[in-house]
Amino acid sequence: MARIDDRFGAFADATRRRVLRVLCTSSDEASELPLDTLVTKVGESERLGNEDGQLRLHLVHVHLPKLERAALVDYDGETVRLTVETDVVTDGLRLAKRFETG
């Protein structure tokens with residue numbers, strides 16, 4: 001089970017929140033996406049344009065490991081999938097939004 005600090009840390013970063021939001025809104029029933037698709041969708045939401053290589057690098061080496069430590073996603077080198085119910089993520093995103101605006 002993930003430690004609470006890991007979960008809070010996962011939701012503390014805007015890029016990780018975007019990753020989780022993209023996975024939650026994935027049309028795939030299993031809430032999973034190939035890494036390339038995830039990079040594209042997160043890049044679109046961050047308006048990074050041609051910086052996909054840098055985003056991919058940060059996702060693979062920083063953000064996905066933190067999300068895995070928080071037991072929110074599983075990354076096998078090709079596919080990223082949620083490991084919790086989407087309600088857990090949407091509740092966490094909602095709480096993060098309250099902290100941002102509160």
# chains A, B, ... in the order shown; residues from 1 in each chain; ligands from 1

$ residues_around --residues "stretch 29-46 of chain A" --least-positions-apart "2" --cutoff "10 Å" --atoms "only C-alpha atoms" --output "mmCIF file with N, CA, C and O atoms, in the first residue's frame"
data_model
loop_
_atom_site.group_PDB
_atom_site.id
_atom_site.type_symbol
_atom_site.label_atom_id
_atom_site.label_comp_id
_atom_site.auth_asym_id
_atom_site.auth_seq_id
_atom_site.Cartn_x
_atom_site.Cartn_y
_atom_site.Cartn_z
ATOM 1 N N ALA A 14 1.937 19.552 -11.300
ATOM 2 C CA ALA A 14 0.969 19.774 -12.377
ATOM 3 C C ALA A 14 1.102 18.745 -13.501
ATOM 4 O O ALA A 14 0.087 18.285 -14.045
ATOM 5 N N THR A 15 2.321 18.359 -13.858
ATOM 6 C CA THR A 15 2.492 17.376 -14.928
ATOM 7 C C THR A 15 1.934 16.025 -14.512
ATOM 8 O O THR A 15 1.251 15.359 -15.293
ATOM 9 N N ARG A 16 2.183 15.610 -13.279
ATOM 10 C CA ARG A 16 1.645 14.325 -12.819
ATOM 11 C C ARG A 16 0.126 14.371 -12.770
ATOM 12 O O ARG A 16 -0.546 13.389 -13.104
ATOM 13 N N ARG A 17 -0.437 15.518 -12.377
ATOM 14 C CA ARG A 17 -1.901 15.635 -12.391
ATOM 15 C C ARG A 17 -2.430 15.507 -13.817
ATOM 16 O O ARG A 17 -3.458 14.873 -14.049
ATOM 17 N N ARG A 18 -1.722 16.092 -14.789
ATOM 18 C CA ARG A 18 -2.152 15.969 -16.189
ATOM 19 C C ARG A 18 -2.086 14.521 -16.650
ATOM 20 O O ARG A 18 -2.973 14.048 -17.355
ATOM 21 N N VAL A 19 -1.026 13.815 -16.275
ATOM 22 C CA VAL A 19 -0.909 12.391 -16.626
ATOM 23 C C VAL A 19 -2.111 11.634 -16.080
ATOM 24 O O VAL A 19 -2.758 10.859 -16.802
ATOM 25 N N LEU A 20 -2.422 11.848 -14.822
ATOM 26 C CA LEU A 20 -3.551 11.151 -14.201
ATOM 27 C C LEU A 20 -4.870 11.537 -14.856
ATOM 28 O O LEU A 20 -5.730 10.682 -15.095
ATOM 29 N N ARG A 21 -5.027 12.811 -15.165
ATOM 30 C CA ARG A 21 -6.262 13.279 -15.820
ATOM 31 C C ARG A 21 -6.419 12.613 -17.202
ATOM 32 O O ARG A 21 -7.500 12.157 -17.561
ATOM 33 N N VAL A 22 -5.325 12.549 -17.957
ATOM 34 C CA VAL A 22 -5.363 11.917 -19.280
ATOM 35 C C VAL A 22 -5.725 10.445 -19.151
ATOM 36 O O VAL A 22 -6.549 9.930 -19.907
ATOM 37 N N LEU A 23 -5.136 9.753 -18.193
ATOM 38 C CA LEU A 23 -5.442 8.330 -18.009
ATOM 39 C C LEU A 23 -6.892 8.122 -17.583
ATOM 40 O O LEU A 23 -7.527 7.165 -18.025
ATOM 41 N N CYS A 24 -7.406 9.010 -16.766
ATOM 42 C CA CYS A 24 -8.803 8.894 -16.321
ATOM 43 C C CYS A 24 -9.790 9.136 -17.448
ATOM 44 O O CYS A 24 -10.887 8.594 -17.431
ATOM 45 N N THR A 25 -9.403 9.962 -18.399
ATOM 46 C CA THR A 25 -10.311 10.267 -19.499
ATOM 47 C C THR A 25 -10.025 9.426 -20.731
ATOM 48 O O THR A 25 -10.622 9.645 -21.779
ATOM 49 N N SER A 26 -9.129 8.460 -20.595
ATOM 50 C CA SER A 26 -8.823 7.558 -21.697
ATOM 51 C C SER A 26 -10.073 6.765 -22.062
ATOM 52 O O SER A 26 -10.825 6.336 -21.197
ATOM 53 N N SER A 27 -10.282 6.577 -23.344
ATOM 54 C CA SER A 27 -11.463 5.819 -23.776
ATOM 55 C C SER A 27 -11.273 4.322 -23.546
ATOM 56 O O SER A 27 -12.213 3.553 -23.633
ATOM 57 N N LEU A 48 3.338 22.099 -25.374
ATOM 58 C CA LEU A 48 4.786 22.046 -25.492
ATOM 59 C C LEU A 48 5.282 21.997 -26.929
ATOM 60 O O LEU A 48 6.466 22.125 -27.170
ATOM 61 N N GLY A 49 4.397 21.754 -27.862
ATOM 62 C CA GLY A 49 4.795 21.719 -29.266
ATOM 63 C C GLY A 49 5.811 20.638 -29.555
ATOM 64 O O GLY A 49 5.551 19.463 -29.356
ATOM 65 N N ASN A 50 7.022 21.024 -29.979
ATOM 66 C CA ASN A 50 8.034 20.068 -30.410
ATOM 67 C C ASN A 50 8.915 19.567 -29.270
ATOM 68 O O ASN A 50 9.951 18.969 -29.520
ATOM 69 N N GLU A 51 8.540 19.778 -28.057
ATOM 70 C CA GLU A 51 9.360 19.363 -26.929
ATOM 71 C C GLU A 51 8.964 17.988 -26.401
ATOM 72 O O GLU A 51 9.200 17.670 -25.245
ATOM 73 N N ASP A 52 8.350 17.137 -27.258
ATOM 74 C CA ASP A 52 7.911 15.816 -26.828
ATOM 75 C C ASP A 52 9.055 14.963 -26.275
ATOM 76 O O ASP A 52 8.866 14.216 -25.328
ATOM 77 N N GLY A 53 10.252 15.091 -26.858
ATOM 78 C CA GLY A 53 11.389 14.304 -26.382
ATOM 79 C C GLY A 53 11.744 14.634 -24.944
ATOM 80 O O GLY A 53 12.010 13.750 -24.136
ATOM 81 N N GLN A 54 11.719 15.911 -24.623
ATOM 82 C CA GLN A 54 12.028 16.330 -23.257
ATOM 83 C C GLN A 54 10.921 15.894 -22.302
ATOM 84 O O GLN A 54 11.198 15.433 -21.196
ATOM 85 N N LEU A 55 9.677 16.026 -22.732
ATOM 86 C CA LEU A 55 8.557 15.591 -21.890
ATOM 87 C C LEU A 55 8.637 14.094 -21.645
ATOM 88 O O LEU A 55 8.478 13.634 -20.518
ATOM 89 N N ARG A 56 8.905 13.325 -22.697
ATOM 90 C CA ARG A 56 9.024 11.869 -22.561
ATOM 91 C C ARG A 56 10.108 11.516 -21.541
ATOM 92 O O ARG A 56 9.903 10.675 -20.677
ATOM 93 N N LEU A 57 11.244 12.184 -21.651
ATOM 94 C CA LEU A 57 12.355 11.947 -20.730
ATOM 95 C C LEU A 57 11.934 12.219 -19.290
ATOM 96 O O LEU A 57 12.193 11.405 -18.393
ATOM 97 N N LEU A 59 8.842 12.283 -18.101
ATOM 98 C CA LEU A 59 7.823 11.320 -17.677
ATOM 99 C C LEU A 59 8.465 10.008 -17.254
ATOM 100 O O LEU A 59 8.155 9.474 -16.185
ATOM 101 N N VAL A 60 9.373 9.504 -18.083
ATOM 102 C CA VAL A 60 9.971 8.192 -17.818
ATOM 103 C C VAL A 60 10.876 8.198 -16.589
ATOM 104 O O VAL A 60 10.874 7.248 -15.812
ATOM 105 N N VAL A 73 -0.109 4.259 -10.740
ATOM 106 C CA VAL A 73 0.045 3.736 -12.091
ATOM 107 C C VAL A 73 1.042 2.591 -12.105
ATOM 108 O O VAL A 73 1.833 2.420 -11.179
ATOM 109 N N ASP A 74 0.994 1.856 -13.214
ATOM 110 C CA ASP A 74 1.984 0.829 -13.513
ATOM 111 C C ASP A 74 2.542 1.175 -14.880
ATOM 112 O O ASP A 74 1.781 1.496 -15.801
ATOM 113 N N TYR A 75 3.855 1.147 -15.007
ATOM 114 C CA TYR A 75 4.517 1.454 -16.274
ATOM 115 C C TYR A 75 5.458 0.312 -16.594
ATOM 116 O O TYR A 75 6.369 0.017 -15.825
ATOM 117 N N ASP A 76 5.242 -0.342 -17.743
ATOM 118 C CA ASP A 76 6.050 -1.501 -18.106
ATOM 119 C C ASP A 76 7.083 -1.202 -19.188
ATOM 120 O O ASP A 76 7.656 -2.119 -19.773
ATOM 121 N N GLY A 77 7.309 0.071 -19.467
ATOM 122 C CA GLY A 77 8.258 0.441 -20.505
ATOM 123 C C GLY A 77 7.576 0.811 -21.810
ATOM 124 O O GLY A 77 8.159 1.483 -22.644
ATOM 125 N N GLU A 78 6.337 0.378 -21.985
ATOM 126 C CA GLU A 78 5.590 0.679 -23.207
ATOM 127 C C GLU A 78 4.206 1.243 -22.917
ATOM 128 O O GLU A 78 3.705 2.066 -23.663
ATOM 129 N N THR A 79 3.587 0.782 -21.844
ATOM 130 C CA THR A 79 2.206 1.142 -21.535
ATOM 131 C C THR A 79 2.118 1.675 -20.112
ATOM 132 O O THR A 79 2.773 1.162 -19.208
ATOM 133 N N VAL A 80 1.282 2.694 -19.942
ATOM 134 C CA VAL A 80 1.026 3.265 -18.611
ATOM 135 C C VAL A 80 -0.438 3.008 -18.301
ATOM 136 O O VAL A 80 -1.312 3.283 -19.121
ATOM 137 N N ARG A 81 -0.695 2.442 -17.126
ATOM 138 C CA ARG A 81 -2.090 2.151 -16.754
ATOM 139 C C ARG A 81 -2.335 2.535 -15.309
ATOM 140 O O ARG A 81 -1.430 2.445 -14.473
ATOM 141 N N LEU A 82 -3.556 2.976 -15.051
ATOM 142 C CA LEU A 82 -3.956 3.248 -13.676
ATOM 143 C C LEU A 82 -4.024 1.942 -12.907
ATOM 144 O O LEU A 82 -4.472 0.931 -13.444
ATOM 145 N N THR A 83 -3.617 1.970 -11.651
ATOM 146 C CA THR A 83 -3.702 0.769 -10.814
ATOM 147 C C THR A 83 -4.744 0.935 -9.717
ATOM 148 O O THR A 83 -4.870 0.077 -8.853
ATOM 149 N N VAL A 84 -5.449 2.051 -9.749
ATOM 150 C CA VAL A 84 -6.511 2.324 -8.783
ATOM 151 C C VAL A 84 -7.775 2.678 -9.560
ATOM 152 O O VAL A 84 -7.724 2.972 -10.754
ATOM 153 N N GLU A 85 -8.887 2.684 -8.861
ATOM 154 C CA GLU A 85 -10.138 3.102 -9.481
ATOM 155 C C GLU A 85 -10.042 4.578 -9.871
ATOM 156 O O GLU A 85 -9.388 5.359 -9.175
ATOM 157 N N THR A 86 -10.707 4.943 -10.947
ATOM 158 C CA THR A 86 -10.655 6.339 -11.384
ATOM 159 C C THR A 86 -11.205 7.285 -10.319
ATOM 160 O O THR A 86 -10.785 8.436 -10.251
#

$ closest_residue --among "A:Arg7, A:Thr90, A:Ala96, A:His58" --to "A:Ala71" --atoms "only C-alpha atoms"
A:Arg7

$ closest_residue --among "A:Phe11, A:His61, A:Asp6, A:Arg69" --to "A:Gly92" --atoms "only C-alpha atoms"
A:Phe11

$ closest_residue --among "A:Leu95, A:Val88, A:Ile4, A:Ala10" --to "A:Leu64" --atoms "only C-alpha atoms"
A:Ala10

$ select_by_dssp --residues "chain A" --states "helix (DSSP H, G or I)" --output "ChimeraX atom specification"
/A:4-11,14-24,35-46,52-69,86-101

$ select_by_dssp --residues "chain A" --states "strand (DSSP E or B)" --output "PDB file with N, CA and C atoms, in the first residue's frame"
ATOM      1  N   GLU A  32      -5.597   2.753 -19.652  1.00  0.00           N
ATOM      2  CA  GLU A  32      -4.197   2.605 -19.998  1.00  0.00           C
ATOM      3  C   GLU A  32      -3.945   3.162 -21.380  1.00  0.00           C
ATOM      4  N   LEU A  33      -2.722   3.624 -21.577  1.00  0.00           N
ATOM      5  CA  LEU A  33      -2.327   4.190 -22.859  1.00  0.00           C
ATOM      6  C   LEU A  33      -0.888   3.800 -23.161  1.00  0.00           C
ATOM      7  N   PRO A  34      -0.568   3.631 -24.446  1.00  0.00           N
ATOM      8  CA  PRO A  34       0.840   3.487 -24.808  1.00  0.00           C
ATOM      9  C   PRO A  34       1.585   4.768 -24.417  1.00  0.00           C
ATOM     10  N   VAL A  73      -0.109   4.259 -10.740  1.00  0.00           N
ATOM     11  CA  VAL A  73       0.045   3.736 -12.091  1.00  0.00           C
ATOM     12  C   VAL A  73       1.042   2.591 -12.105  1.00  0.00           C
ATOM     13  N   ASP A  74       0.994   1.856 -13.214  1.00  0.00           N
ATOM     14  CA  ASP A  74       1.984   0.829 -13.513  1.00  0.00           C
ATOM     15  C   ASP A  74       2.542   1.175 -14.880  1.00  0.00           C
ATOM     16  N   TYR A  75       3.855   1.147 -15.007  1.00  0.00           N
ATOM     17  CA  TYR A  75       4.517   1.454 -16.274  1.00  0.00           C
ATOM     18  C   TYR A  75       5.458   0.312 -16.594  1.00  0.00           C
ATOM     19  N   THR A  79       3.587   0.782 -21.844  1.00  0.00           N
ATOM     20  CA  THR A  79       2.206   1.142 -21.535  1.00  0.00           C
ATOM     21  C   THR A  79       2.118   1.675 -20.112  1.00  0.00           C
ATOM     22  N   VAL A  80       1.282   2.694 -19.942  1.00  0.00           N
ATOM     23  CA  VAL A  80       1.026   3.265 -18.611  1.00  0.00           C
ATOM     24  C   VAL A  80      -0.438   3.008 -18.301  1.00  0.00           C
ATOM     25  N   ARG A  81      -0.695   2.442 -17.126  1.00  0.00           N
ATOM     26  CA  ARG A  81      -2.090   2.151 -16.754  1.00  0.00           C
ATOM     27  C   ARG A  81      -2.335   2.535 -15.309  1.00  0.00           C
ATOM     28  N   LEU A  82      -3.556   2.976 -15.051  1.00  0.00           N
ATOM     29  CA  LEU A  82      -3.956   3.248 -13.676  1.00  0.00           C
ATOM     30  C   LEU A  82      -4.024   1.942 -12.907  1.00  0.00           C
TER      31      LEU A  82
END
